[in-house]
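Q: Sending over a structure as structure tokens; questions will come in a sec.
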Amino acid sequence: AVEPIADSYDKQKQFITDSSHELKTPLTLIRTNLDILESEHGHSEWLDDIRTETDTMTRLVNHLVQLARMDEGARPQEPQLFSLSDVVSEMGEAFAPVMEQSGLTFTQEVATGVSLNGDEQAIRQLIGILLDNACKYCAPGGTIALRLNGGRHPQLTLDNTYANAEHIDTSRLFDRFYRALGTKTSGTGLGLAIVKRIVDIHHGTIAIDDGLDGRGTSFRIRLPK
């Protein structure tokens, strides 16, 4: 009774992988032709729009491939001991100028000497997705707070104010392609699904609830050492 369901699930994953790879070639050709057109005719509003949508589609395809591989149990790299404190600090510092330029207030509190045995690049991607989302969805003139606490199970917390917090269904935020009502960004709707898979691969937990006195969202991630 279970075999047809398992077979259908396997075929679905294979379809996503195959179609994603097939889409990469035309996207590369579109980007190449855009470069040629811009070199011959200069920038234009229409070419810029095409490039923006092409970049969005490329991110979507890359995310689909990554999720398909994660679903198959693939791990990007073998786990190694690294400084989680350094990774969190570096990612926060990298996003700070973007937040400042957007008129957002950014603070970070990072405990020193916190290490983690895991995939450093995947954790960097996780933090990058969360910070990027915070920038996109933060209320104008709002606040973003990044914290790392040490201990037996390090905890990473990211709070940000949100302009339309009442429209967020937190129970669906990790669903693939879920977009909150009123959302108008260039995201793919897959970022938080990737975050959830990275946390699962590291045998951690992730939760989301109201943050900053109910004016936003708070992500809390616990990772075993």
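Residues in the structure tokens are named by chain (A, B, ... in the order shown) and by number from 1 within that chain; ligands are numbered from 1 in the order shown.
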Do a neighbour search on A:Asn133 at 10 Å with only C-alpha atoms, toss out local chain neighbours closer than 4 positions, and write the hits as a PDB file with N, CA and C atoms, in the first residue's frame.
A:
ATOM      1  N   ILE A 127      22.375  31.830   8.308  1.00  0.00           N
ATOM      2  CA  ILE A 127      22.382  33.170   8.902  1.00  0.00           C
ATOM      3  C   ILE A 127      22.134  34.224   7.821  1.00  0.00           C
ATOM      4  N   GLY A 128      22.728  34.023   6.644  1.00  0.00           N
ATOM      5  CA  GLY A 128      22.540  34.966   5.553  1.00  0.00           C
ATOM      6  C   GLY A 128      21.091  35.066   5.110  1.00  0.00           C
ATOM      7  N   ILE A 129      20.405  33.930   5.015  1.00  0.00           N
ATOM      8  CA  ILE A 129      18.994  33.930   4.626  1.00  0.00           C
ATOM      9  C   ILE A 129      18.155  34.676   5.666  1.00  0.00           C
ATOM     10  N   TYR A 137      11.829  42.359   5.039  1.00  0.00           N
ATOM     11  CA  TYR A 137      10.503  42.427   5.629  1.00  0.00           C
ATOM     12  C   TYR A 137      10.418  43.334   6.851  1.00  0.00           C
ATOM     13  N   CYS A 138      11.530  43.920   7.260  1.00  0.00           N
ATOM     14  CA  CYS A 138      11.511  44.793   8.436  1.00  0.00           C
ATOM     15  C   CYS A 138      10.698  46.053   8.146  1.00  0.00           C
ATOM     16  N   ASN A 160      13.155  40.942  14.481  1.00  0.00           N
ATOM     17  CA  ASN A 160      13.000  42.133  13.656  1.00  0.00           C
ATOM     18  C   ASN A 160      11.554  42.606  13.685  1.00  0.00           C
ATOM     19  N   THR A 185       8.144  41.398  -2.345  1.00  0.00           N
ATOM     20  CA  THR A 185       9.589  41.348  -2.471  1.00  0.00           C
ATOM     21  C   THR A 185       9.953  40.409  -3.589  1.00  0.00           C
ATOM     22  N   GLY A 187      11.761  37.752  -3.319  1.00  0.00           N
ATOM     23  CA  GLY A 187      12.159  36.457  -2.782  1.00  0.00           C
ATOM     24  C   GLY A 187      11.518  35.300  -3.532  1.00  0.00           C
ATOM     25  N   GLY A 191      13.550  30.342   0.969  1.00  0.00           N
ATOM     26  CA  GLY A 191      14.660  30.594   1.883  1.00  0.00           C
ATOM     27  C   GLY A 191      14.481  29.954   3.245  1.00  0.00           C
ATOM     28  N   LEU A 192      13.325  30.144   3.864  1.00  0.00           N
ATOM     29  CA  LEU A 192      13.110  29.601   5.205  1.00  0.00           C
ATOM     30  C   LEU A 192      12.968  28.081   5.177  1.00  0.00           C
TER      31      LEU A 192
END
Q: What's the 6 Å shell around stretch 111-125 of chain A, counting only C-alpha atoms, without same-chain residues fewer than 5 positions away, as a list in words?
A: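 The filter keeps Gln77, Pro79, Gln80, Leu81, Phe82, Ser83, Leu84, Ser85, Leu148, Asn149, Gly150 and Lys225 of chain A.
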Q: Would you save the residues of that selection, restricted to N, CA and C atoms, as a JSON list (two decimals), in the first residue's frame?
A:
[["chain", "number", "residue", "atom", "x", "y", "z"],
["A", 77, "GLN", "N", 28.94, 19.29, 3.12],
["A", 77, "GLN", "CA", 30.31, 19.05, 3.53],
["A", 77, "GLN", "C", 30.32, 18.19, 4.79],
["A", 79, "PRO", "N", 31.06, 17.40, 8.57],
["A", 79, "PRO", "CA", 31.09, 18.31, 9.73],
["A", 79, "PRO", "C", 32.50, 18.52, 10.26],
["A", 80, "GLN", "N", 32.81, 19.76, 10.59],
["A", 80, "GLN", "CA", 34.10, 20.12, 11.17],
["A", 80, "GLN", "C", 33.86, 21.12, 12.29],
["A", 81, "LEU", "N", 34.76, 21.14, 13.25],
["A", 81, "LEU", "CA", 34.65, 22.08, 14.35],
["A", 81, "LEU", "C", 35.07, 23.47, 13.88],
["A", 82, "PHE", "N", 34.21, 24.46, 14.11],
["A", 82, "PHE", "CA", 34.53, 25.83, 13.71],
["A", 82, "PHE", "C", 33.97, 26.80, 14.75],
["A", 83, "SER", "N", 34.41, 28.05, 14.67],
["A", 83, "SER", "CA", 33.97, 29.07, 15.62],
["A", 83, "SER", "C", 32.64, 29.65, 15.18],
["A", 84, "LEU", "N", 31.57, 29.28, 15.87],
["A", 84, "LEU", "CA", 30.26, 29.84, 15.57],
["A", 84, "LEU", "C", 30.23, 31.33, 15.91],
["A", 85, "SER", "N", 30.95, 31.72, 16.95],
["A", 85, "SER", "CA", 31.01, 33.14, 17.32],
["A", 85, "SER", "C", 31.54, 33.98, 16.17],
["A", 148, "LEU", "N", 23.75, 35.67, 19.86],
["A", 148, "LEU", "CA", 24.24, 34.29, 20.01],
["A", 148, "LEU", "C", 24.59, 34.07, 21.47],
["A", 149, "ASN", "N", 23.95, 33.07, 22.07],
["A", 149, "ASN", "CA", 24.24, 32.68, 23.45],
["A", 149, "ASN", "C", 24.96, 31.34, 23.44],
["A", 150, "GLY", "N", 25.92, 31.20, 24.35],
["A", 150, "GLY", "CA", 26.68, 29.96, 24.44],
["A", 150, "GLY", "C", 25.98, 28.94, 25.31],
["A", 225, "LYS", "N", 26.25, 21.01, 20.15],
["A", 225, "LYS", "CA", 27.69, 21.09, 19.83],
["A", 225, "LYS", "C", 28.20, 19.78, 19.25]]
Q: Between atom CA of A:Val88 and atom CA of A:Leu173, what is the distance in Å, rounded to a tenth?
A: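 Atom-to-atom, atom CA of A:Val88 and atom CA of A:Leu173 are spaced 22.5 Å apart.
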Q: Identify, on the basis of only C-alpha atoms, every residue whose closest approach to stretch 96-106 of chain A does not exceed 12 Å; exclude the query and any residue fewer than 5 positions from it along the same chain; express the result as a PyMOL selection string.
A: chain A and resi 89-91+128+131-147+158-162
Q: Take the residues from that selection and write them out as a short mmCIF file (atom, residue, chain, number, x, y, z; two decimals), in the first residue's frame, keeping N, CA, C and O atoms.
A:
data_model
loop_
_atom_site.label_atom_id
_atom_site.label_comp_id
_atom_site.auth_asym_id
_atom_site.auth_seq_id
_atom_site.Cartn_x
_atom_site.Cartn_y
_atom_site.Cartn_z
N SER A 89 29.40 36.79 13.95
CA SER A 89 29.92 38.17 13.93
C SER A 89 30.20 38.64 12.51
O SER A 89 29.83 39.76 12.12
N GLU A 90 30.85 37.79 11.73
CA GLU A 90 31.20 38.15 10.36
C GLU A 90 29.95 38.36 9.50
O GLU A 90 29.90 39.32 8.70
N MET A 91 28.96 37.52 9.65
CA MET A 91 27.74 37.68 8.87
C MET A 91 26.99 38.94 9.28
O MET A 91 26.47 39.68 8.43
N GLY A 128 22.73 34.02 6.64
CA GLY A 128 22.54 34.97 5.55
C GLY A 128 21.09 35.07 5.11
O GLY A 128 20.57 36.16 4.86
N LEU A 131 19.12 36.99 7.86
CA LEU A 131 19.41 38.42 7.86
C LEU A 131 18.84 39.09 6.61
O LEU A 131 18.33 40.22 6.68
N ASP A 132 18.93 38.42 5.48
CA ASP A 132 18.39 38.97 4.24
C ASP A 132 16.87 39.13 4.35
O ASP A 132 16.31 40.16 3.96
N ASN A 133 16.20 38.12 4.89
CA ASN A 133 14.75 38.22 5.10
C ASN A 133 14.40 39.35 6.05
O ASN A 133 13.42 40.08 5.85
N ALA A 134 15.20 39.48 7.12
CA ALA A 134 14.96 40.55 8.09
C ALA A 134 15.04 41.92 7.41
O ALA A 134 14.21 42.80 7.67
N CYS A 135 16.02 42.09 6.53
CA CYS A 135 16.17 43.36 5.80
C CYS A 135 14.96 43.61 4.89
O CYS A 135 14.44 44.73 4.82
N LYS A 136 14.51 42.56 4.20
CA LYS A 136 13.42 42.72 3.24
C LYS A 136 12.09 43.03 3.91
O LYS A 136 11.30 43.84 3.42
N TYR A 137 11.83 42.36 5.04
CA TYR A 137 10.50 42.43 5.63
C TYR A 137 10.42 43.33 6.85
O TYR A 137 9.34 43.48 7.43
N CYS A 138 11.53 43.92 7.26
CA CYS A 138 11.51 44.79 8.44
C CYS A 138 10.70 46.05 8.15
O CYS A 138 10.70 46.57 7.02
N ALA A 139 10.00 46.53 9.16
CA ALA A 139 9.23 47.75 9.02
C ALA A 139 10.16 48.93 8.73
O ALA A 139 11.30 48.95 9.19
N PRO A 140 9.72 49.91 7.95
CA PRO A 140 10.54 51.09 7.67
C PRO A 140 11.02 51.75 8.96
O PRO A 140 10.22 52.00 9.86
N GLY A 141 12.32 52.00 9.06
CA GLY A 141 12.88 52.58 10.27
C GLY A 141 12.87 51.63 11.44
O GLY A 141 13.03 52.06 12.58
N GLY A 142 12.72 50.33 11.17
CA GLY A 142 12.59 49.34 12.23
C GLY A 142 13.89 48.87 12.82
O GLY A 142 14.97 49.42 12.55
N THR A 143 13.80 47.82 13.62
CA THR A 143 14.93 47.32 14.38
C THR A 143 15.17 45.85 14.10
O THR A 143 14.21 45.07 14.01
N ILE A 144 16.44 45.47 13.97
CA ILE A 144 16.85 44.07 13.80
C ILE A 144 17.89 43.76 14.86
O ILE A 144 18.84 44.52 15.04
N ALA A 145 17.71 42.67 15.58
CA ALA A 145 18.63 42.30 16.66
C ALA A 145 19.09 40.86 16.46
O ALA A 145 18.26 39.95 16.37
N LEU A 146 20.40 40.66 16.41
CA LEU A 146 21.00 39.34 16.26
C LEU A 146 21.77 38.99 17.52
O LEU A 146 22.58 39.78 17.99
N ARG A 147 21.49 37.78 18.08
CA ARG A 147 22.17 37.39 19.31
C ARG A 147 22.62 35.93 19.22
O ARG A 147 21.95 35.10 18.61
N LEU A 158 17.19 35.84 16.21
CA LEU A 158 17.09 37.00 15.33
C LEU A 158 15.70 37.59 15.45
O LEU A 158 14.70 36.93 15.18
N ASP A 159 15.64 38.84 15.92
CA ASP A 159 14.37 39.57 16.06
C ASP A 159 14.33 40.69 15.03
O ASP A 159 15.36 41.32 14.75
N ASN A 160 13.16 40.94 14.48
CA ASN A 160 13.00 42.13 13.66
C ASN A 160 11.55 42.61 13.68
O ASN A 160 10.62 41.80 13.75
N THR A 161 11.39 43.93 13.69
CA THR A 161 10.05 44.49 13.60
C THR A 161 9.50 44.20 12.21
O THR A 161 10.26 44.07 11.24
N TYR A 162 8.20 44.10 12.11
CA TYR A 162 7.57 43.73 10.85
C TYR A 162 6.35 44.62 10.63
O TYR A 162 5.50 44.74 11.50
#
Q: Looking at only C-alpha atoms, which of A:His43, A:Arg51, A:Arg152, A:His63 is the one that sits closest to A:Ile30?
A: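 When distances to A:Ile30 are compared using only C-alpha atoms, the smallest one comes from A:Arg51.
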Q: Write out as a tab-separated table (two decimals) with N, CA, C and O atoms, in the first residue's frame the residues lying within 9 Å of A:Asp175, counting only C-alpha atoms and excluding same-chain residues fewer than 6 positions away.
A:
chain	number	residue	atom	x	y	z
A	189	GLY	N	10.45	32.44	-1.85
A	189	GLY	CA	9.56	31.70	-0.97
A	189	GLY	C	10.15	30.37	-0.52
A	189	GLY	O	9.44	29.53	0.03
A	190	LEU	N	11.46	30.19	-0.75
A	190	LEU	CA	12.11	28.93	-0.39
A	190	LEU	C	13.19	29.10	0.66
A	190	LEU	O	13.71	28.12	1.19
A	192	LEU	N	13.33	30.14	3.86
A	192	LEU	CA	13.11	29.60	5.20
A	192	LEU	C	12.97	28.08	5.18
A	192	LEU	O	13.27	27.41	6.17
A	193	ALA	N	12.51	27.52	4.06
A	193	ALA	CA	12.48	26.06	3.93
A	193	ALA	C	13.90	25.51	3.95
A	193	ALA	O	14.17	24.46	4.54
Q: Give the helix (DSSP H, G or I) residues of stretch 42-138 of chain A, as DSSP finds them on the backbone, and put them as a VMD selection string.
A: chain A and resid 45 to 71 84 to 101 120 to 137
Q: Name the residues of stretch 30-110 of chain A that come out as strand (DSSP E) in a backbone DSSP run; write them as a PDB file with C-alpha atoms, in the first residue's frame.
A:
ATOM      1  CA  GLN A  80      34.098  20.118  11.171  1.00  0.00           C
ATOM      2  CA  LEU A  81      34.652  22.083  14.351  1.00  0.00           C
ATOM      3  CA  PHE A  82      34.528  25.833  13.714  1.00  0.00           C
ATOM      4  CA  SER A  83      33.971  29.072  15.623  1.00  0.00           C
ATOM      5  CA  THR A 105      18.706  49.936  13.371  1.00  0.00           C
ATOM      6  CA  PHE A 106      20.862  46.824  13.740  1.00  0.00           C
ATOM      7  CA  THR A 107      22.355  45.444  16.950  1.00  0.00           C
ATOM      8  CA  GLN A 108      24.218  42.236  17.642  1.00  0.00           C
ATOM      9  CA  GLU A 109      25.331  40.518  20.825  1.00  0.00           C
ATOM     10  CA  VAL A 110      27.628  37.570  20.193  1.00  0.00           C
TER      11      VAL A 110
END
Q: Tell me, as a ChimeraX atom specification, which residues lie within 9 Å of A:His203, counting only C-alpha atoms; anything in the same chain fewer than 5 positions away does not count.
A: /A:198,223-224
